[in-house]
$ cat target39.txt   # compact mmCIF, C-alpha atoms
# COMPACT_ATOMS: atom_id res chain seq x y z
CA MET A 7 0.00 0.00 0.00
CA ASP A 8 1.11 3.48 -0.73
CA ARG A 9 1.90 4.90 2.69
CA LYS A 10 2.11 8.61 3.38
CA PHE A 11 5.53 10.13 3.91
CA ILE A 12 6.44 10.90 7.49
CA SER A 13 6.12 14.56 8.41
CA ARG A 14 9.04 16.96 8.68
CA SER A 15 9.08 16.97 12.47
CA GLU A 16 8.85 13.19 12.53
CA GLU A 17 11.82 13.12 10.20
CA PHE A 18 13.82 15.36 12.55
CA LEU A 19 12.94 13.17 15.51
CA LEU A 20 13.84 9.91 13.82
CA LEU A 21 17.16 11.33 12.63
CA ALA A 22 17.95 12.62 16.10
CA VAL A 23 17.22 9.21 17.58
CA TRP A 24 19.40 7.55 14.96
CA ARG A 25 22.30 9.93 15.61
CA LEU A 26 22.13 9.44 19.37
CA LYS A 27 22.37 5.65 19.03
CA GLU A 28 22.11 4.11 22.52
CA ASN A 29 21.66 7.39 24.34
CA ALA A 30 18.41 8.63 22.84
CA TYR A 31 16.02 9.78 25.55
CA GLY A 32 13.97 12.96 26.12
CA VAL A 33 16.74 15.35 27.13
CA THR A 34 19.28 14.29 24.55
CA ILE A 35 16.75 14.17 21.72
CA ARG A 36 15.56 17.65 22.57
CA ASN A 37 19.14 18.96 22.68
CA GLN A 38 19.97 17.21 19.43
CA ILE A 39 17.02 18.83 17.67
CA LYS A 40 17.91 22.21 19.08
CA GLU A 41 21.48 21.81 17.87
CA ALA A 42 20.42 20.71 14.40
CA THR A 43 17.52 23.09 13.72
CA GLY A 44 17.83 25.87 16.29
CA LYS A 45 14.27 25.23 17.46
CA THR A 46 13.50 24.45 21.10
CA TRP A 47 10.67 21.99 21.55
CA ALA A 48 8.42 21.79 24.52
CA TYR A 49 8.65 18.45 26.33
CA GLY A 50 4.93 17.96 25.88
CA ALA A 51 5.27 18.18 22.12
CA LEU A 52 8.29 15.91 22.13
CA PHE A 53 6.57 13.28 24.20
CA VAL A 54 3.44 13.27 22.07
CA MET A 55 5.41 12.97 18.84
CA LEU A 56 7.64 10.21 20.19
CA SER A 57 4.77 8.12 21.49
CA ARG A 58 2.96 8.51 18.19
CA LEU A 59 6.03 7.35 16.29
CA GLU A 60 6.26 4.39 18.58
CA LYS A 61 2.62 3.47 17.96
CA LYS A 62 3.27 3.69 14.23
CA GLY A 63 6.12 1.26 14.65
CA PHE A 64 9.05 3.52 13.71
CA LEU A 65 10.51 3.50 17.20
CA THR A 66 10.76 1.14 20.11
CA SER A 67 11.52 2.15 23.65
CA HIS A 68 12.43 0.68 26.99
CA PHE A 69 12.75 2.09 30.47
CA THR A 70 16.04 2.15 32.35
CA ASP A 71 16.45 2.00 36.10
CA SER A 72 15.55 5.19 37.91
CA SER A 73 18.29 7.57 38.99
CA PRO A 74 18.27 10.13 41.81
CA GLN A 75 19.57 12.74 39.35
CA ARG A 76 16.17 12.58 37.63
CA GLY A 77 14.07 12.80 40.77
CA GLY A 78 13.73 9.05 40.95
CA LYS A 79 12.30 8.73 37.47
CA SER A 80 13.57 6.34 34.85
CA LYS A 81 14.77 7.19 31.35
CA ARG A 82 12.87 6.03 28.34
CA ILE A 83 15.45 5.08 25.76
CA PHE A 84 14.24 5.16 22.15
CA ARG A 85 15.62 3.11 19.27
CA LEU A 86 14.88 3.10 15.57
CA THR A 87 13.11 0.05 14.14
CA PRO A 88 13.78 -1.30 10.62
CA GLN A 89 10.47 0.29 9.66
CA GLY A 90 11.74 3.65 10.91
CA VAL A 91 14.90 3.30 8.89
CA LYS A 92 12.84 2.45 5.82
CA ALA A 93 10.62 5.49 6.32
CA LEU A 94 13.69 7.72 6.62
CA LYS A 95 15.19 6.28 3.45
CA GLU A 96 11.97 6.88 1.56
CA VAL A 97 11.96 10.51 2.65
CA LEU A 98 15.59 10.90 1.72
CA LYS A 99 14.93 9.51 -1.74
CA ALA A 100 11.98 11.80 -2.22
CA HIS A 101 14.05 14.78 -1.05
CA GLU A 102 16.84 13.96 -3.44
CA SER A 103 14.51 13.68 -6.38
CA VAL A 104 12.53 16.86 -5.69
CA TRP A 105 15.68 18.87 -4.99
CA SER A 106 17.68 17.39 -7.86
CA GLY A 107 19.18 19.81 -10.35
CA ILE A 108 18.75 22.82 -8.08
CA GLU A 109 22.19 24.32 -7.66
CA GLU A 110 21.19 27.50 -5.91
CA LEU A 111 17.76 28.58 -4.77
CA SER A 112 16.84 32.03 -6.02
CA VAL A 113 13.75 33.93 -7.07
CA PRO A 114 12.79 32.81 -10.58
CA GLN A 115 13.45 35.50 -13.21
CA GLU A 116 10.70 36.54 -15.56
CA MET B 1 28.88 22.31 41.92
CA LYS B 2 26.87 24.68 44.03
CA VAL B 3 25.18 23.23 47.04
CA MET B 4 21.44 23.66 46.72
CA LYS B 5 19.02 23.98 49.57
CA ARG B 6 17.04 20.83 49.95
CA LYS B 7 13.65 22.37 49.24
CA TYR B 8 14.81 23.64 45.85
CA ARG B 9 16.05 20.26 44.73
CA HIS B 10 12.60 19.47 43.44
CA PRO B 11 10.72 21.51 40.86
CA PRO B 12 7.21 22.78 41.74
CA ARG B 13 5.39 19.72 42.97
CA ILE B 14 1.94 20.58 41.66
CA ALA B 15 3.33 21.15 38.18
CA GLY B 16 5.20 17.88 38.35
CA TRP B 17 2.08 16.08 39.48
CA LEU B 18 0.14 17.61 36.59
CA ILE B 19 2.71 16.43 34.08
CA GLN B 20 2.58 12.98 35.58
CA LYS B 21 -1.21 12.93 35.27
CA MET B 22 -1.25 14.25 31.72
CA PHE B 23 1.40 11.87 30.39
CA PRO B 24 1.24 8.65 32.43
CA ASP B 25 3.83 7.09 30.11
CA ARG B 26 3.06 3.51 31.22
CA GLY B 27 3.83 4.41 34.80
CA GLY B 28 7.45 5.28 33.99
CA CYS B 29 7.02 9.04 33.89
CA SER B 30 10.14 9.47 31.80
CA ILE B 31 8.92 12.86 30.62
CA LEU B 32 8.89 14.16 34.18
CA GLY B 33 12.38 12.69 34.63
CA ASP B 34 13.55 14.46 31.47
CA MET B 35 12.11 17.70 32.72
CA ILE B 36 13.64 17.35 36.17
CA GLU B 37 17.01 16.65 34.59
CA THR B 38 16.78 19.80 32.47
CA TYR B 39 15.47 21.71 35.46
CA ARG B 40 18.51 20.80 37.55
CA TYR B 41 20.81 21.74 34.69
CA LEU B 42 19.06 25.11 34.28
CA ALA B 43 19.08 25.72 38.01
CA GLU B 44 22.87 25.42 38.03
CA GLU B 45 23.37 27.40 34.85
CA LYS B 46 20.88 30.27 35.20
CA GLY B 47 19.65 30.12 38.76
CA LEU B 48 16.74 28.50 40.50
CA PHE B 49 14.22 31.20 39.72
CA TRP B 50 14.58 30.82 35.96
CA ALA B 51 14.54 27.07 36.25
CA GLN B 52 11.23 27.22 38.08
CA ILE B 53 9.76 29.61 35.55
CA TRP B 54 10.95 27.29 32.80
CA PHE B 55 9.38 24.28 34.47
CA LEU B 56 6.02 25.98 34.88
CA GLY B 57 6.22 27.20 31.28
CA GLN B 58 6.81 23.65 30.08
CA CYS B 59 3.75 22.53 32.00
CA VAL B 60 1.56 25.16 30.41
CA LYS B 61 2.95 24.38 26.95
CA ALA B 62 2.38 20.67 27.45
CA PHE B 63 -1.33 21.13 28.11
CA PRO B 64 -2.48 21.70 24.49
CA TYR B 65 -0.42 18.71 23.38
CA PHE B 66 -2.12 16.65 26.03
CA LEU B 67 -5.53 17.64 24.62
CA ILE B 68 -4.52 17.11 21.00
CA ASP B 69 -3.04 13.73 21.79
CA GLY B 70 -6.22 12.61 23.53
CA PHE B 71 -8.34 13.59 20.54
CA HIS B 72 -5.88 12.00 18.15
CA TRP B 73 -6.12 8.56 19.71
CA ARG B 74 -9.83 8.78 20.25
CA PHE B 75 -10.30 9.64 16.60
CA HIS B 76 -8.12 6.71 15.56
CA MET B 77 -10.05 4.30 17.75
CA PHE B 78 -13.31 5.61 16.34
CA LYS B 79 -12.07 5.04 12.79
CA ASN B 80 -11.17 1.53 13.80
CA TYR B 81 -14.62 0.86 15.25
CA LEU B 82 -16.24 2.07 12.05
CA LYS B 83 -14.01 -0.20 10.01
CA ILE B 84 -14.88 -3.21 12.15
CA ALA B 85 -18.58 -2.41 11.96
CA PHE B 86 -18.36 -2.17 8.19
CA ARG B 87 -16.60 -5.54 7.95
CA ILE B 88 -19.18 -7.21 10.13
CA ILE B 89 -21.96 -5.80 7.99
CA LYS B 90 -20.24 -7.15 4.90
CA ARG B 91 -19.75 -10.57 6.43
CA HIS B 92 -23.33 -11.02 7.69
CA LYS B 93 -25.28 -9.36 4.92
CA SER B 94 -28.80 -10.65 5.47
CA HIS B 95 -28.58 -10.47 9.22
CA SER B 96 -27.28 -6.89 9.06
CA ALA B 97 -29.96 -5.95 6.55
CA ILE B 98 -32.69 -7.20 8.91
CA ASN B 99 -31.08 -5.40 11.82
CA ILE B 100 -30.58 -2.12 10.02
CA PHE B 101 -34.05 -2.26 8.47
CA GLY B 102 -35.62 -2.92 11.85
CA LEU B 103 -33.67 -0.18 13.54
CA SER B 104 -34.44 2.37 10.84
CA MET B 105 -38.15 1.47 10.88
CA GLY B 106 -38.16 1.88 14.64
CA LEU B 107 -36.38 5.20 14.45
CA ALA B 108 -38.65 6.44 11.68
CA CYS B 109 -41.77 5.50 13.64
CA THR B 110 -40.43 7.16 16.77
CA ILE B 111 -39.62 10.34 14.91
CA LEU B 112 -43.00 10.40 13.19
CA ILE B 113 -44.83 9.85 16.48
CA PHE B 114 -42.74 12.54 18.09
CA LEU B 115 -43.51 14.99 15.27
CA PHE B 116 -47.22 14.17 15.43
CA VAL B 117 -47.37 14.65 19.19
CA LYS B 118 -45.37 17.86 18.99
CA ASP B 119 -47.75 19.12 16.33
CA GLU B 120 -50.78 18.23 18.43
CA LEU B 121 -49.37 19.82 21.56
CA SER B 122 -48.36 23.00 19.81
CA TYR B 123 -51.98 23.97 19.14
CA ASP B 124 -53.20 27.23 20.72
CA ARG B 125 -50.02 27.64 22.78
CA PHE B 126 -49.56 31.24 21.67
CA HIS B 127 -52.37 32.74 23.80
CA GLU B 128 -50.97 34.84 26.61
CA ASN B 129 -53.95 33.99 28.85
CA LEU B 130 -53.58 30.33 27.97
CA SER B 131 -53.66 29.17 31.59
CA SER B 132 -57.00 30.83 32.29
CA ILE B 133 -58.85 30.12 29.05
CA TYR B 134 -61.24 27.17 29.06
CA ARG B 135 -63.46 25.75 26.38
CA PRO B 136 -66.74 24.18 27.47
CA MET B 137 -67.71 21.05 25.60
CA THR B 138 -70.82 18.97 25.21
CA ARG B 139 -71.09 15.30 26.09
CA PHE B 140 -74.30 13.28 25.86
CA HIS B 141 -74.54 10.14 27.92
CA ASN B 142 -76.70 7.10 27.38
CA PRO B 143 -78.82 5.92 30.32
CA ASP B 144 -76.17 3.27 31.11
CA GLY B 145 -73.49 5.96 31.43
CA SER B 146 -71.61 5.34 28.17
CA VAL B 147 -70.85 8.33 25.97
CA ARG B 148 -73.31 8.73 23.13
CA TRP B 149 -71.88 11.80 21.49
CA GLN B 150 -69.42 14.53 22.34
CA GLY B 151 -68.36 17.73 20.63
CA GLY B 152 -66.66 21.07 21.05
CA ALA B 153 -69.74 23.29 20.95
CA VAL B 154 -72.28 24.36 23.53
CA GLN B 155 -75.48 26.36 23.29
CA VAL B 156 -75.27 30.14 23.06
CA PRO B 157 -76.80 30.96 26.50
CA HIS B 158 -74.04 28.98 28.23
CA GLY B 159 -71.73 32.00 28.09
CA PRO B 160 -73.75 34.46 30.19
CA ALA B 161 -75.08 31.65 32.39
CA LEU B 162 -71.58 30.39 33.30
CA LYS B 163 -70.52 33.90 34.21
CA GLU B 164 -73.62 34.44 36.29
CA TYR B 165 -73.52 31.21 38.29
CA PHE B 166 -69.75 30.67 38.68
CA PRO B 167 -67.86 33.56 40.30
CA GLU B 168 -64.52 32.17 39.04
CA VAL B 169 -65.62 32.82 35.46
CA LYS B 170 -64.42 36.38 34.84
CA ARG B 171 -65.45 36.81 31.25
CA TYR B 172 -66.66 34.77 28.34
CA VAL B 173 -66.32 35.02 24.57
CA ARG B 174 -68.68 33.19 22.28
CA VAL B 175 -67.59 32.45 18.73
CA PHE B 176 -70.13 31.56 16.09
CA PRO B 177 -69.24 30.98 12.43
CA ARG B 178 -71.63 31.47 9.56
CA GLU B 179 -71.32 31.46 5.77
CA LEU B 180 -72.53 34.79 4.39
CA ILE B 181 -72.34 36.71 1.15
CA VAL B 182 -69.76 39.48 1.39
CA LYS B 183 -70.15 42.50 -0.84
CA ILE B 184 -67.33 45.02 -1.10
CA ASP B 185 -67.82 47.65 -3.78
CA ASP B 186 -68.64 45.45 -6.76
CA ARG B 187 -67.05 42.26 -5.46
CA ILE B 188 -69.43 39.64 -4.22
CA GLU B 189 -68.15 36.48 -2.52
CA GLU B 190 -69.29 33.86 -0.10
CA GLN B 191 -67.13 33.88 3.02
CA GLU B 192 -67.15 32.50 6.51
CA ILE B 193 -67.93 35.25 9.02
CA ILE B 194 -67.06 34.86 12.67
CA MET B 195 -69.45 36.40 15.15
CA ALA B 196 -67.61 36.96 18.43
CA ASP B 197 -68.17 38.84 21.65
CA ALA B 198 -66.54 42.25 21.92
CA GLU B 199 -63.80 41.04 24.28
CA PHE B 200 -62.48 38.60 21.68
CA PHE B 201 -59.21 40.47 21.12
CA GLU B 202 -58.64 41.03 24.80
CA MET B 203 -59.09 37.41 25.74
CA PHE B 204 -57.20 35.81 22.87
CA SER B 205 -53.79 36.86 21.66
CA PHE B 206 -54.53 37.78 18.08
CA PRO B 207 -52.54 41.00 17.65
CA LEU B 208 -54.18 43.88 15.81
CA THR B 209 -52.18 45.83 13.26
CA GLN B 210 -54.83 48.55 13.21
CA GLY B 211 -57.50 49.35 15.77
CA ASN B 212 -57.81 49.08 19.53
CA ALA B 213 -58.30 45.61 21.04
CA ALA B 214 -60.75 46.87 23.67
CA SER B 215 -63.10 48.71 21.35
CA VAL B 216 -62.64 47.29 17.87
CA LEU B 217 -65.68 44.99 18.06
CA SER B 218 -67.78 46.90 20.59
CA ASP B 219 -69.86 48.61 17.92
CA TYR B 220 -72.49 46.29 16.44
CA SER B 221 -71.80 47.59 12.96
CA SER B 222 -68.02 47.35 13.02
CA ILE B 223 -66.10 44.58 11.27
CA VAL B 224 -62.51 43.40 11.66
CA LEU B 225 -60.54 41.87 8.80
CA SER B 226 -57.56 39.59 8.89
CA ALA B 227 -54.44 41.00 7.26
CA SER B 228 -54.59 38.68 4.27
CA CYS B 229 -58.27 39.44 3.77
CA ALA B 230 -57.63 43.19 3.93
CA LYS B 231 -54.86 42.81 1.39
CA LYS B 232 -57.08 40.78 -0.88
CA TYR B 233 -59.85 43.39 -0.98
CA PHE B 234 -57.98 46.66 -0.58
CA GLY B 235 -54.42 45.92 -1.67
CA GLU B 236 -51.97 48.28 -0.02
CA GLY B 237 -54.67 50.92 0.63
CA ASN B 238 -55.99 51.71 4.10
CA PRO B 239 -59.15 49.65 4.78
CA ILE B 240 -60.16 51.49 7.97
CA GLY B 241 -63.50 53.24 7.55
CA ARG B 242 -64.42 51.40 4.34
CA SER B 243 -67.76 49.68 4.29
CA ILE B 244 -68.69 46.05 3.73
CA THR B 245 -72.15 44.62 3.19
CA LEU B 246 -73.03 41.18 4.57
CA ILE B 247 -75.99 39.39 3.04
CA SER B 248 -77.84 36.33 4.26
CA ASP B 249 -80.89 34.63 2.79
CA ASN B 250 -83.26 37.13 4.28
CA TYR B 251 -81.18 39.95 5.65
CA ARG B 252 -78.49 42.41 4.68
CA ASN B 253 -76.55 44.86 6.78
CA ASP B 254 -73.72 47.37 6.27
CA TYR B 255 -70.53 47.30 8.33
CA VAL B 256 -67.62 49.71 8.75
CA ILE B 257 -64.10 48.32 9.02
CA SER B 258 -62.73 49.26 12.43
CA GLY B 259 -59.55 47.20 12.60
CA VAL B 260 -57.18 44.77 10.95
CA ALA B 261 -55.79 41.74 12.78
CA GLU B 262 -52.76 39.67 11.94
CA ASP B 263 -53.63 36.35 10.38
CA PRO B 264 -54.24 33.71 13.04
CA PRO B 265 -51.23 31.38 13.35
CA PRO B 266 -51.52 27.98 11.66
CA TYR B 267 -51.70 26.29 15.08
CA SER B 268 -54.86 28.04 16.12
CA THR B 269 -58.23 26.41 16.72
CA ILE B 270 -59.97 29.69 15.99
CA THR B 271 -59.34 30.98 12.49
CA PHE B 272 -61.01 33.98 10.96
CA ASN B 273 -61.08 36.22 7.95
CA LEU B 274 -63.91 38.56 8.92
CA LEU B 275 -65.12 39.22 12.45
CA ILE B 276 -68.29 40.97 13.60
CA ASN B 277 -69.93 41.51 16.97
CA PHE B 278 -71.80 38.55 18.40
CA GLU B 279 -75.04 40.50 18.67
CA ASN B 280 -75.36 40.25 14.88
CA ILE B 281 -76.42 36.66 15.46
CA ARG B 282 -79.92 38.12 15.98
CA LEU B 283 -79.95 39.23 12.36
CA PHE B 284 -78.33 36.32 10.62
CA VAL B 285 -79.48 33.40 12.73
CA GLY B 286 -82.43 34.67 14.75
CA ALA B 287 -82.94 36.16 18.19
CA ASN B 288 -84.23 32.95 19.72
CA ILE B 289 -80.80 31.30 19.52
CA LEU B 290 -79.70 33.62 22.36
CA THR B 291 -82.10 31.95 24.75
CA ASP B 292 -82.41 28.53 23.21
CA TRP B 293 -80.97 25.75 25.37

$ encode --input "target39.txt" --output "structure tokens"
Amino acid sequence: MDRKFISRSEEFLLLAVWRLKENAYGVTIRNQIKEATGKTWAYGALFVMLSRLEKKGFLTSHFTDSSPQRGGKSKRIFRLTPQGVKALKEVLKAHESVWSGIEELSVPQE
Amino acid sequence: MKVMKRKYRHPPRIAGWLIQKMFPDRGGCSILGDMIETYRYLAEEKGLFWAQIWFLGQCVKAFPYFLIDGFHWRFHMFKNYLKIAFRIIKRHKSHSAINIFGLSMGLACTILIFLFVKDELSYDRFHENLSSIYRPMTRFHNPDGSVRWQGGAVQVPHGPALKEYFPEVKRYVRVFPRELIVKIDDRIEEQEIIMADAEFFEMFSFPLTQGNAASVLSDYSSIVLSASCAKKYFGEGNPIGRSITLISDNYRNDYVISGVAEDPPPYSTITFNLLINFENIRLFVGANILTDW
């Protein structure tokens, strides 16, 4: 079936998780996105997006032991699934084809 | 590392509790952990005050996402239910057809009954004095007590008699219809005329566009038209003061238009086009009807 492409923010999230490898949890993902795009996300938004991606099957997660540094709360470590990787590759391919041949973006001349 | 006072080690508790409630996160509450971690970092970097502000801000920002997320999943579940229902219908075609047919018949009947009852109950509700208006009716009984005949009319003398013998009866209005020939200028038509007591417009809520409710029918030779009737005979012109002749088999009389009433609403038991004073019943029906029981 022809699935929809993942959205831009989903793409950012998945890439951040992929880059962070084994250390992808709320704080690091948020920092990674801030570093890459300059945008600061609210934790609420981040959490909602991540849980949605997990439901769609692009991410899996597990909880670590709690640490006193986090007020006794555990970390939820996210990992990319093969499906997530596939979705990213599809987006990349689409990006490459729609951007192909554009050397420099400028206002079209009449 | 600065040493923090113990009470500042934790971010605002109510805010934290809210976050925990909004995003249960399978009991793990990793989001709250993430926020506490960032809070501690901020507290060291920029000071406790800013960290607390940040934490509260995050809480407020999280709220719309909490709402949106709830709707999102509910919507998805609903879509799923619809899909399942559709598949079941497809799988059990005849059974579903019987079910759906039965349900729709039931619904249709209910709605029709509801509409019918609503229609019936809406009659005559517009009268302002509704709670104190009563209509006497006639019921004839057989010797064994069963009802032989009943109807919505009583004899003419009932009106004055009821008022005389029952102190709780404040006023009465008798309404008597009769088909008469109406002659206006050169137009001659047969129309139903309503003969009504002078207090007709005070007792019932039929608003007058022209004329005074208290006096419009008090003169025996005055006549009141409904708005559509006035328009039919006089167009846009002013009908007040114009004369109309009413003709019966053996009598004719001239009337002067004293008022125009709005058309009675469709849900009215009493409908009228032309109204004259009840005393005219002497001319068109006969004086003995006033005393005939």

$ interface_residues --input "target39.txt" --of "chain A" --to "chain B" --cutoff "12 Å" --atoms "all atoms listed in the file" --output "count of residues only"
41

$ atom_distance --input "target39.txt" --atom1 "CA of Ala51 (chain B)" --atom2 "CA of Gly16 (chain B)"
13.3 Å

$ atom_distance --input "target39.txt" --atom1 "CA of Phe272 (chain B)" --atom2 "CA of Ile240 (chain B)"
17.8 Å

$ atom_distance --input "target39.txt" --atom1 "CA of Gly102 (chain B)" --atom2 "CA of Lys83 (chain B)"
21.9 Å

$ axis_aligned_box --input "target39.txt" --around "region 99-102 of chain A" --padding-each-side "4 Å" --output "AutoDock Vina command-line options"
--center_x 14.4 --center_y 12.1 --center_z -2.2 --size_x 12.9 --size_y 13.3 --size_z 10.4

$ residues_around --input "target39.txt" --residues "Ala261 (chain B)" --least-positions-apart "3" --cutoff "9 Å" --atoms "only C-alpha atoms" --output "count of residues only"
11

$ residues_around --input "target39.txt" --residues "region 8-18 of chain A" --least-positions-apart "4" --cutoff "9 Å" --atoms "all atoms listed in the file" --output "list in words"
Ala22, Val23, Ile39, Ala42, Thr43, Met55, Leu56, Leu59, Ala93, Leu94, Glu96 and Val97 of chain A

$ decode --input "target39.txt" --residues "region 176-200 of chain B" --atoms "N, CA and C atoms" --output "PDB file, in the first residue's frame"
ATOM      1  N   PHE B 176     -69.115  32.238  16.901  1.00  0.00           N
ATOM      2  CA  PHE B 176     -70.134  31.557  16.090  1.00  0.00           C
ATOM      3  C   PHE B 176     -69.845  31.814  14.612  1.00  0.00           C
ATOM      4  N   PRO B 177     -69.529  30.768  13.850  1.00  0.00           N
ATOM      5  CA  PRO B 177     -69.235  30.983  12.433  1.00  0.00           C
ATOM      6  C   PRO B 177     -70.504  30.865  11.569  1.00  0.00           C
ATOM      7  N   ARG B 178     -70.493  31.575  10.477  1.00  0.00           N
ATOM      8  CA  ARG B 178     -71.629  31.475   9.558  1.00  0.00           C
ATOM      9  C   ARG B 178     -71.174  31.887   8.155  1.00  0.00           C
ATOM     10  N   GLU B 179     -71.642  31.127   7.168  1.00  0.00           N
ATOM     11  CA  GLU B 179     -71.325  31.464   5.775  1.00  0.00           C
ATOM     12  C   GLU B 179     -72.266  32.564   5.303  1.00  0.00           C
ATOM     13  N   LEU B 180     -71.703  33.670   4.861  1.00  0.00           N
ATOM     14  CA  LEU B 180     -72.534  34.787   4.386  1.00  0.00           C
ATOM     15  C   LEU B 180     -71.972  35.299   3.074  1.00  0.00           C
ATOM     16  N   ILE B 181     -72.808  36.039   2.370  1.00  0.00           N
ATOM     17  CA  ILE B 181     -72.340  36.707   1.154  1.00  0.00           C
ATOM     18  C   ILE B 181     -71.690  38.017   1.569  1.00  0.00           C
ATOM     19  N   VAL B 182     -70.484  38.259   1.063  1.00  0.00           N
ATOM     20  CA  VAL B 182     -69.757  39.481   1.387  1.00  0.00           C
ATOM     21  C   VAL B 182     -69.742  40.355   0.133  1.00  0.00           C
ATOM     22  N   LYS B 183     -70.139  41.598   0.310  1.00  0.00           N
ATOM     23  CA  LYS B 183     -70.153  42.504  -0.844  1.00  0.00           C
ATOM     24  C   LYS B 183     -69.278  43.695  -0.503  1.00  0.00           C
ATOM     25  N   ILE B 184     -68.216  43.871  -1.271  1.00  0.00           N
ATOM     26  CA  ILE B 184     -67.332  45.018  -1.096  1.00  0.00           C
ATOM     27  C   ILE B 184     -67.243  45.700  -2.445  1.00  0.00           C
ATOM     28  N   ASP B 185     -67.698  46.956  -2.490  1.00  0.00           N
ATOM     29  CA  ASP B 185     -67.816  47.646  -3.783  1.00  0.00           C
ATOM     30  C   ASP B 185     -68.580  46.737  -4.742  1.00  0.00           C
ATOM     31  N   ASP B 186     -67.913  46.285  -5.805  1.00  0.00           N
ATOM     32  CA  ASP B 186     -68.640  45.447  -6.760  1.00  0.00           C
ATOM     33  C   ASP B 186     -68.300  43.970  -6.599  1.00  0.00           C
ATOM     34  N   ARG B 187     -67.428  43.666  -5.642  1.00  0.00           N
ATOM     35  CA  ARG B 187     -67.053  42.256  -5.459  1.00  0.00           C
ATOM     36  C   ARG B 187     -68.059  41.549  -4.565  1.00  0.00           C
ATOM     37  N   ILE B 188     -68.477  40.407  -5.021  1.00  0.00           N
ATOM     38  CA  ILE B 188     -69.431  39.637  -4.219  1.00  0.00           C
ATOM     39  C   ILE B 188     -68.867  38.232  -4.050  1.00  0.00           C
ATOM     40  N   GLU B 189     -68.729  37.791  -2.790  1.00  0.00           N
ATOM     41  CA  GLU B 189     -68.150  36.477  -2.522  1.00  0.00           C
ATOM     42  C   GLU B 189     -68.850  35.840  -1.343  1.00  0.00           C
ATOM     43  N   GLU B 190     -68.815  34.529  -1.298  1.00  0.00           N
ATOM     44  CA  GLU B 190     -69.290  33.865  -0.100  1.00  0.00           C
ATOM     45  C   GLU B 190     -68.092  33.628   0.817  1.00  0.00           C
ATOM     46  N   GLN B 191     -68.244  34.004   2.086  1.00  0.00           N
ATOM     47  CA  GLN B 191     -67.134  33.882   3.024  1.00  0.00           C
ATOM     48  C   GLN B 191     -67.657  33.423   4.377  1.00  0.00           C
ATOM     49  N   GLU B 192     -66.762  32.836   5.148  1.00  0.00           N
ATOM     50  CA  GLU B 192     -67.154  32.496   6.507  1.00  0.00           C
ATOM     51  C   GLU B 192     -66.943  33.713   7.398  1.00  0.00           C
ATOM     52  N   ILE B 193     -67.992  34.114   8.097  1.00  0.00           N
ATOM     53  CA  ILE B 193     -67.927  35.252   9.017  1.00  0.00           C
ATOM     54  C   ILE B 193     -67.908  34.686  10.432  1.00  0.00           C
ATOM     55  N   ILE B 194     -67.060  35.258  11.272  1.00  0.00           N
ATOM     56  CA  ILE B 194     -67.058  34.856  12.674  1.00  0.00           C
ATOM     57  C   ILE B 194     -67.781  35.921  13.471  1.00  0.00           C
ATOM     58  N   MET B 195     -68.790  35.478  14.222  1.00  0.00           N
ATOM     59  CA  MET B 195     -69.447  36.403  15.148  1.00  0.00           C
ATOM     60  C   MET B 195     -68.865  36.125  16.531  1.00  0.00           C
ATOM     61  N   ALA B 196     -68.293  37.171  17.155  1.00  0.00           N
ATOM     62  CA  ALA B 196     -67.607  36.962  18.430  1.00  0.00           C
ATOM     63  C   ALA B 196     -67.936  38.095  19.371  1.00  0.00           C
ATOM     64  N   ASP B 197     -67.908  37.793  20.661  1.00  0.00           N
ATOM     65  CA  ASP B 197     -68.168  38.837  21.651  1.00  0.00           C
ATOM     66  C   ASP B 197     -67.072  39.887  21.597  1.00  0.00           C
ATOM     67  N   ALA B 198     -67.424  41.091  22.097  1.00  0.00           N
ATOM     68  CA  ALA B 198     -66.545  42.250  21.921  1.00  0.00           C
ATOM     69  C   ALA B 198     -65.182  42.069  22.578  1.00  0.00           C
ATOM     70  N   GLU B 199     -65.084  41.201  23.572  1.00  0.00           N
ATOM     71  CA  GLU B 199     -63.804  41.036  24.275  1.00  0.00           C
ATOM     72  C   GLU B 199     -62.878  40.038  23.604  1.00  0.00           C
ATOM     73  N   PHE B 200     -63.240  39.611  22.414  1.00  0.00           N
ATOM     74  CA  PHE B 200     -62.477  38.598  21.680  1.00  0.00           C
ATOM     75  C   PHE B 200     -60.994  38.916  21.652  1.00  0.00           C
TER      76      PHE B 200
END
